[in-house]
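Take a look at the structure below.
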Amino acid sequence: MSGETLSRCGWAVTGTGTVAAEQMVAAIRAFGHTPLWVTSRSEVRASHFARDTNIPNSTTDVRQAMRDAQVDFVYIAAPLIRRPFYIRAVAEAGKHILCDGPVAKDAKTAAALVQTCQDAGIYLAVNQRGRTAAVHQAMRRLIADGEIGVVHSISIFRGGPHYPVAMRWHEAGENDPNIFLDMCAEDIDLARFLSGAEPVEAAGLASPVGGAPSDLAYSLRMGDVLFQAHESYATSDIESRIIAAGSEGSLVASGTLGPRGSGTLMRRHHSRNEFLPIRERDHFAAVLELFLEAVDGGPPTLATGTDSLASLTAAEAVMKAVRKGRTVAIPC
């Protein structure tokens with residue numbers, strides 16, 4: 001990491017969720033950086049958050065925080081519906097952004113946000129937990145190194161009760177489950193991350209057929225790779241399973257997409273199973289390290305705004321395929 005990046009260390013936090021308070025602020029400080037501002041549309045929430053986390057400044061006006069020349073980076077932890085507002089305000093101020101994913105609830109809004117950030121010359125990184133999990137990072141390296149030959153398919157299977165994002169305060173509607181945003185877009189991003197391929201065609205089924213589904217099964221054609229997923233909020237807790245099947249073997253990740261633990265990774269080769277040791281890493285520390293490396297010109301390991309847009313576009317194609325009962329082409 002360059003001296004220029006190391007010399008910049010001021011942060012503002014937008015949103016007052018539990019994860020931001022209990023995890024990300026501590027991770028920022030552990031990295032040697034300084035949280036300077038917290039912003040929220042609620043003055044009470046902002047002031048309580050600032051007091052609880054020992055942040056010196058709080059405000060309901062994000063532009064006030066952005067006028068502080070010591071603020072170099074902004075972590076956007078606001079609920080989904082308010083992320084676009086904060087992204088625009090922060091981009092206008094020329095600060096680099098780390099935002100919880102997805103960046104918006106639809107691809108059209110996401111496309112506009114990506115363009116806004118590009119025009120402003122700022123970096124928009126998206127915190128998609130699947131990309132920073134140590135097991136998934138190892139899977140990607142093994143696939144890229146040809147350890148299982150040519151990848152033909154990726155499958156993701158998971159289910160269980162809905163686990164809402166941890167919030168210190170609850171507002172009706174903010175944590176209502178939407179399987180297309182909560183699971184589908186996240187899993188599509190993970191499939192893109194592992195395979196390096198882009199979705200071009202979608203087919204899907206959902207249950208119940210009308211209203212907001214709680215069970216979703218779909219397939220994407222991603223170049224020469226087939227991606228299949230089964231996602232559910234209606235089943236009992238299921239240990240997640242991710243399978244990357246190649247011409248010379250397969251990789252199986254278990255328990256990596258649930259709320260508990262980091263899971264395991266197994267390689268199957270020549271009819272034998274081999275469990276691979278994975279070094280544990282703190283998720284939030286890893287996110288910050290990868291974000292700062294990307295801002296400094298390093299490899300974009302974290303999802304970007306463009307990645308979030310691609311996953312939302314594919315998820316909307318799945319929605320359309322479910323609704324119409326036929327295969328749907330995914331716009332490039």
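In the structure tokens, chains take the letters A, B, ... in the order shown, each chain's residues start at 1, and ligands count up from 1 in the order shown.
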(request) Any chance you could list, as a ChimeraX atom specification, the residues in region 212-325 of chain A that come up strand (DSSP E or B) when DSSP is run on the backbone? (result) /A:215-222,225-232,238-246,249-254,264-269,272-276,303-304
I'd like a table as JSON lines: residues in region 173-251 of chain A with an atom no more than 12 Å from region 104-117 of chain A, each row giving the shortest atom pair and its distance in Å to one decimal, only C-alpha atoms counted, sorted by chain and rising residue number.
```
{"residue": "A:Glu174", "atom": "CA", "partner": "A:Lys105", "partner_atom": "CA", "distance": 11.9}
{"residue": "A:Asn178", "atom": "CA", "partner": "A:Lys105", "partner_atom": "CA", "distance": 10.0}
{"residue": "A:Ile179", "atom": "CA", "partner": "A:Lys105", "partner_atom": "CA", "distance": 11.9}
{"residue": "A:Phe180", "atom": "CA", "partner": "A:Lys105", "partner_atom": "CA", "distance": 9.7}
{"residue": "A:Leu181", "atom": "CA", "partner": "A:Lys105", "partner_atom": "CA", "distance": 7.2}
{"residue": "A:Asp182", "atom": "CA", "partner": "A:Lys105", "partner_atom": "CA", "distance": 10.3}
{"residue": "A:Ala185", "atom": "CA", "partner": "A:Lys105", "partner_atom": "CA", "distance": 10.3}
```
(request) Identify, on the basis of only C-alpha atoms, every residue whose closest approach to region 212-228 of chain A does not exceed 8 Å; exclude the query and any residue fewer than 5 positions from it along the same chain; express the result as a PyMOL selection string. (result) chain A and resi 151-156+178-179+191+195+197-207+233-234+318
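With only C-alpha atoms as the atoms that count, the minimum distance from Arg281 (chain A) to the choices A:Val252, A:Asp187, A:Ala134, A:Gly263 is reached by A:Ala134.
From CA of Arg323 (chain A) back to CA of Val209 (chain A), the distance works out to 8.1 Å.
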(message) Need the shell around Ala89 (chain A): protein/DNA/RNA residues with any atom at most 10 Å away, counting only C-alpha atoms. Skip same-chain ones fewer than 6 positions apart. Format as a ChimeraX atom specification?
(response) /A:62-63,66,83,95
(request) Would you list the contacts of Ile122 (chain A) as a PyMOL selection string, taking every protein, DNA or RNA residue within 12 Å and counting only C-alpha atoms, but skipping same-chain residues closer than 2 positions in sequence? (result) chain A and resi 72-74+87-88+90-98+113-120+124-125+294-297+304-305
Residue neighbourhood Ala20 (chain A), 10 Å, only C-alpha atoms, exclusion window fewer than 4 positions, as a PDB file with N, CA, C and O atoms, in the first residue's frame:
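In the end it all went to result22.pdb:
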```pdb
ATOM      1  N   VAL A  13     -19.148   7.487   8.530  1.00  0.00           N
ATOM      2  CA  VAL A  13     -20.048   6.331   8.484  1.00  0.00           C
ATOM      3  C   VAL A  13     -21.465   6.842   8.296  1.00  0.00           C
ATOM      4  O   VAL A  13     -21.932   7.684   9.068  1.00  0.00           O
ATOM      5  N   THR A  14     -22.135   6.374   7.269  1.00  0.00           N
ATOM      6  CA  THR A  14     -23.539   6.740   7.060  1.00  0.00           C
ATOM      7  C   THR A  14     -24.404   5.533   7.364  1.00  0.00           C
ATOM      8  O   THR A  14     -24.163   4.441   6.843  1.00  0.00           O
ATOM      9  N   GLY A  15     -25.396   5.718   8.227  1.00  0.00           N
ATOM     10  CA  GLY A  15     -26.211   4.608   8.691  1.00  0.00           C
ATOM     11  C   GLY A  15     -25.770   4.179  10.072  1.00  0.00           C
ATOM     12  O   GLY A  15     -24.583   4.283  10.423  1.00  0.00           O
ATOM     13  N   THR A  16     -26.712   3.705  10.852  1.00  0.00           N
ATOM     14  CA  THR A  16     -26.429   3.411  12.260  1.00  0.00           C
ATOM     15  C   THR A  16     -26.812   1.991  12.643  1.00  0.00           C
ATOM     16  O   THR A  16     -27.313   1.734  13.725  1.00  0.00           O
ATOM     17  N   MET A  24     -17.709  -2.689  12.012  1.00  0.00           N
ATOM     18  CA  MET A  24     -16.937  -1.919  11.052  1.00  0.00           C
ATOM     19  C   MET A  24     -16.170  -0.767  11.687  1.00  0.00           C
ATOM     20  O   MET A  24     -15.030  -0.502  11.306  1.00  0.00           O
ATOM     21  N   VAL A  25     -16.765  -0.068  12.650  1.00  0.00           N
ATOM     22  CA  VAL A  25     -16.039   1.026  13.303  1.00  0.00           C
ATOM     23  C   VAL A  25     -14.789   0.488  13.993  1.00  0.00           C
ATOM     24  O   VAL A  25     -13.705   1.084  13.903  1.00  0.00           O
ATOM     25  N   ALA A  26     -14.917  -0.634  14.674  1.00  0.00           N
ATOM     26  CA  ALA A  26     -13.761  -1.244  15.337  1.00  0.00           C
ATOM     27  C   ALA A  26     -12.712  -1.670  14.315  1.00  0.00           C
ATOM     28  O   ALA A  26     -11.501  -1.521  14.557  1.00  0.00           O
ATOM     29  N   ALA A  27     -13.155  -2.191  13.172  1.00  0.00           N
ATOM     30  CA  ALA A  27     -12.211  -2.617  12.134  1.00  0.00           C
ATOM     31  C   ALA A  27     -11.462  -1.421  11.555  1.00  0.00           C
ATOM     32  O   ALA A  27     -10.261  -1.502  11.268  1.00  0.00           O
ATOM     33  N   PHE A  49     -25.266   6.812  18.286  1.00  0.00           N
ATOM     34  CA  PHE A  49     -24.235   6.002  17.624  1.00  0.00           C
ATOM     35  C   PHE A  49     -22.856   6.616  17.884  1.00  0.00           C
ATOM     36  O   PHE A  49     -21.892   5.911  18.216  1.00  0.00           O
ATOM     37  N   THR A  53     -19.871   4.732  20.054  1.00  0.00           N
ATOM     38  CA  THR A  53     -18.661   4.299  19.342  1.00  0.00           C
ATOM     39  C   THR A  53     -17.514   5.296  19.473  1.00  0.00           C
ATOM     40  O   THR A  53     -16.470   5.124  18.845  1.00  0.00           O
ATOM     41  N   TYR A  75     -18.023   4.860   4.571  1.00  0.00           N
ATOM     42  CA  TYR A  75     -18.686   3.548   4.633  1.00  0.00           C
ATOM     43  C   TYR A  75     -20.182   3.781   4.698  1.00  0.00           C
ATOM     44  O   TYR A  75     -20.683   4.423   5.630  1.00  0.00           O
ATOM     45  N   ILE A  76     -20.911   3.267   3.707  1.00  0.00           N
ATOM     46  CA  ILE A  76     -22.358   3.437   3.631  1.00  0.00           C
ATOM     47  C   ILE A  76     -23.031   2.170   4.137  1.00  0.00           C
ATOM     48  O   ILE A  76     -23.006   1.127   3.483  1.00  0.00           O
ATOM     49  N   ALA A  77     -23.623   2.286   5.333  1.00  0.00           N
ATOM     50  CA  ALA A  77     -24.285   1.150   5.969  1.00  0.00           C
ATOM     51  C   ALA A  77     -25.781   1.395   6.107  1.00  0.00           C
ATOM     52  O   ALA A  77     -26.449   0.723   6.880  1.00  0.00           O
ATOM     53  N   ALA A  78     -26.287   2.353   5.345  1.00  0.00           N
ATOM     54  CA  ALA A  78     -27.701   2.717   5.439  1.00  0.00           C
ATOM     55  C   ALA A  78     -28.582   1.624   4.838  1.00  0.00           C
ATOM     56  O   ALA A  78     -28.119   0.818   4.021  1.00  0.00           O
ATOM     57  N   ALA A 166     -28.815  -7.106  10.859  1.00  0.00           N
ATOM     58  CA  ALA A 166     -28.887  -6.658  12.253  1.00  0.00           C
ATOM     59  C   ALA A 166     -29.036  -5.143  12.310  1.00  0.00           C
ATOM     60  O   ALA A 166     -28.238  -4.409  11.742  1.00  0.00           O
ATOM     61  N   MET A 167     -30.084  -4.682  12.982  1.00  0.00           N
ATOM     62  CA  MET A 167     -30.343  -3.249  13.109  1.00  0.00           C
ATOM     63  C   MET A 167     -30.539  -2.886  14.577  1.00  0.00           C
ATOM     64  O   MET A 167     -31.182  -3.613  15.330  1.00  0.00           O
ATOM     65  N   ARG A 168     -29.962  -1.764  14.991  1.00  0.00           N
ATOM     66  CA  ARG A 168     -30.153  -1.302  16.360  1.00  0.00           C
ATOM     67  C   ARG A 168     -31.565  -0.761  16.551  1.00  0.00           C
ATOM     68  O   ARG A 168     -32.110  -0.774  17.639  1.00  0.00           O
ATOM     69  N   PHE A 284     -14.380  -8.221   8.388  1.00  0.00           N
ATOM     70  CA  PHE A 284     -14.390  -6.763   8.269  1.00  0.00           C
ATOM     71  C   PHE A 284     -12.982  -6.219   8.057  1.00  0.00           C
ATOM     72  O   PHE A 284     -12.779  -5.263   7.304  1.00  0.00           O
TER      73      PHE A 284
END
```
(request) For CA of Thr59 (chain A) and CA of Ser40 (chain A), quote the distance in Å rounded to one decimal. (result) 6.7 Å
(message) One number please: CA of Ala21 (chain A) to CA of Tyr86 (chain A), in Å, one decimal.
(response) 18.1 Å
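In terms of minimum interatomic distance to Gly196 (chain A), A:Thr301 ranks closest within A:Gln23, A:Thr301, A:Asn57, A:Ser262, counting only C-alpha atoms.
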(request) Between A:Val322, A:Ile242, A:Ala229, A:Ile55, single out the one closest to Ile188 (chain A), counting only C-alpha atoms. (result) A:Ala229
(message) Taking the DSSP secondary structure from the backbone, can you list the residues of region 166-245 of chain A that are helix (DSSP H, G or I), as a list in words?
(response) Ile179, Phe180, Leu181, Asp182, Met183, Cys184, Ala185, Glu186, Asp187, Ile188, Asp189, Leu190, Ala191, Arg192, Phe193, Leu194 and Ser195 of chain A
(message) Give me, as a list in words, all polymer residues having an atom no more than 6 Å from Leu251 (chain A), counting only C-alpha atoms and skipping those fewer than 2 positions away in the same chain.
(response) Ile243, Ala244, Met266 and Arg267 of chain A
Using the selection just defined, write its residues with all heavy atoms as a PDB file, in the first residue's frame.
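Generated file (part.pdb):
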```
ATOM      1  N   ILE A 243     -20.929 -25.946  -5.151  1.00  0.00           N
ATOM      2  CA  ILE A 243     -20.169 -26.952  -5.897  1.00  0.00           C
ATOM      3  C   ILE A 243     -19.691 -26.346  -7.206  1.00  0.00           C
ATOM      4  O   ILE A 243     -20.489 -25.848  -8.003  1.00  0.00           O
ATOM      5  CB  ILE A 243     -21.009 -28.206  -6.191  1.00  0.00           C
ATOM      6  CG1 ILE A 243     -21.536 -28.817  -4.892  1.00  0.00           C
ATOM      7  CG2 ILE A 243     -20.190 -29.232  -6.983  1.00  0.00           C
ATOM      8  CD1 ILE A 243     -22.511 -29.968  -5.113  1.00  0.00           C
ATOM      9  N   ALA A 244     -18.383 -26.368  -7.414  1.00  0.00           N
ATOM     10  CA  ALA A 244     -17.792 -26.000  -8.698  1.00  0.00           C
ATOM     11  C   ALA A 244     -17.285 -27.279  -9.336  1.00  0.00           C
ATOM     12  O   ALA A 244     -16.357 -27.915  -8.806  1.00  0.00           O
ATOM     13  CB  ALA A 244     -16.662 -25.007  -8.512  1.00  0.00           C
ATOM     14  N   MET A 266     -13.763 -28.720   0.404  1.00  0.00           N
ATOM     15  CA  MET A 266     -13.287 -30.044   0.032  1.00  0.00           C
ATOM     16  C   MET A 266     -13.025 -30.098  -1.464  1.00  0.00           C
ATOM     17  O   MET A 266     -13.790 -29.553  -2.263  1.00  0.00           O
ATOM     18  CB  MET A 266     -14.332 -31.106   0.405  1.00  0.00           C
ATOM     19  CG  MET A 266     -13.912 -32.531   0.081  1.00  0.00           C
ATOM     20  SD  MET A 266     -15.282 -33.696   0.305  1.00  0.00           S
ATOM     21  CE  MET A 266     -16.324 -33.298  -1.105  1.00  0.00           C
ATOM     22  N   ARG A 267     -11.925 -30.745  -1.837  1.00  0.00           N
ATOM     23  CA  ARG A 267     -11.631 -30.988  -3.252  1.00  0.00           C
ATOM     24  C   ARG A 267     -11.804 -32.476  -3.540  1.00  0.00           C
ATOM     25  O   ARG A 267     -11.265 -33.314  -2.819  1.00  0.00           O
ATOM     26  CB  ARG A 267     -10.204 -30.546  -3.592  1.00  0.00           C
ATOM     27  CG  ARG A 267      -9.797 -30.895  -5.042  1.00  0.00           C
ATOM     28  CD  ARG A 267      -8.478 -30.242  -5.395  1.00  0.00           C
ATOM     29  NE  ARG A 267      -7.458 -30.506  -4.380  1.00  0.00           N
ATOM     30  CZ  ARG A 267      -6.322 -29.812  -4.274  1.00  0.00           C
ATOM     31  NH1 ARG A 267      -6.082 -28.806  -5.093  1.00  0.00           N
ATOM     32  NH2 ARG A 267      -5.433 -30.125  -3.338  1.00  0.00           N
TER      33      ARG A 267
END
```
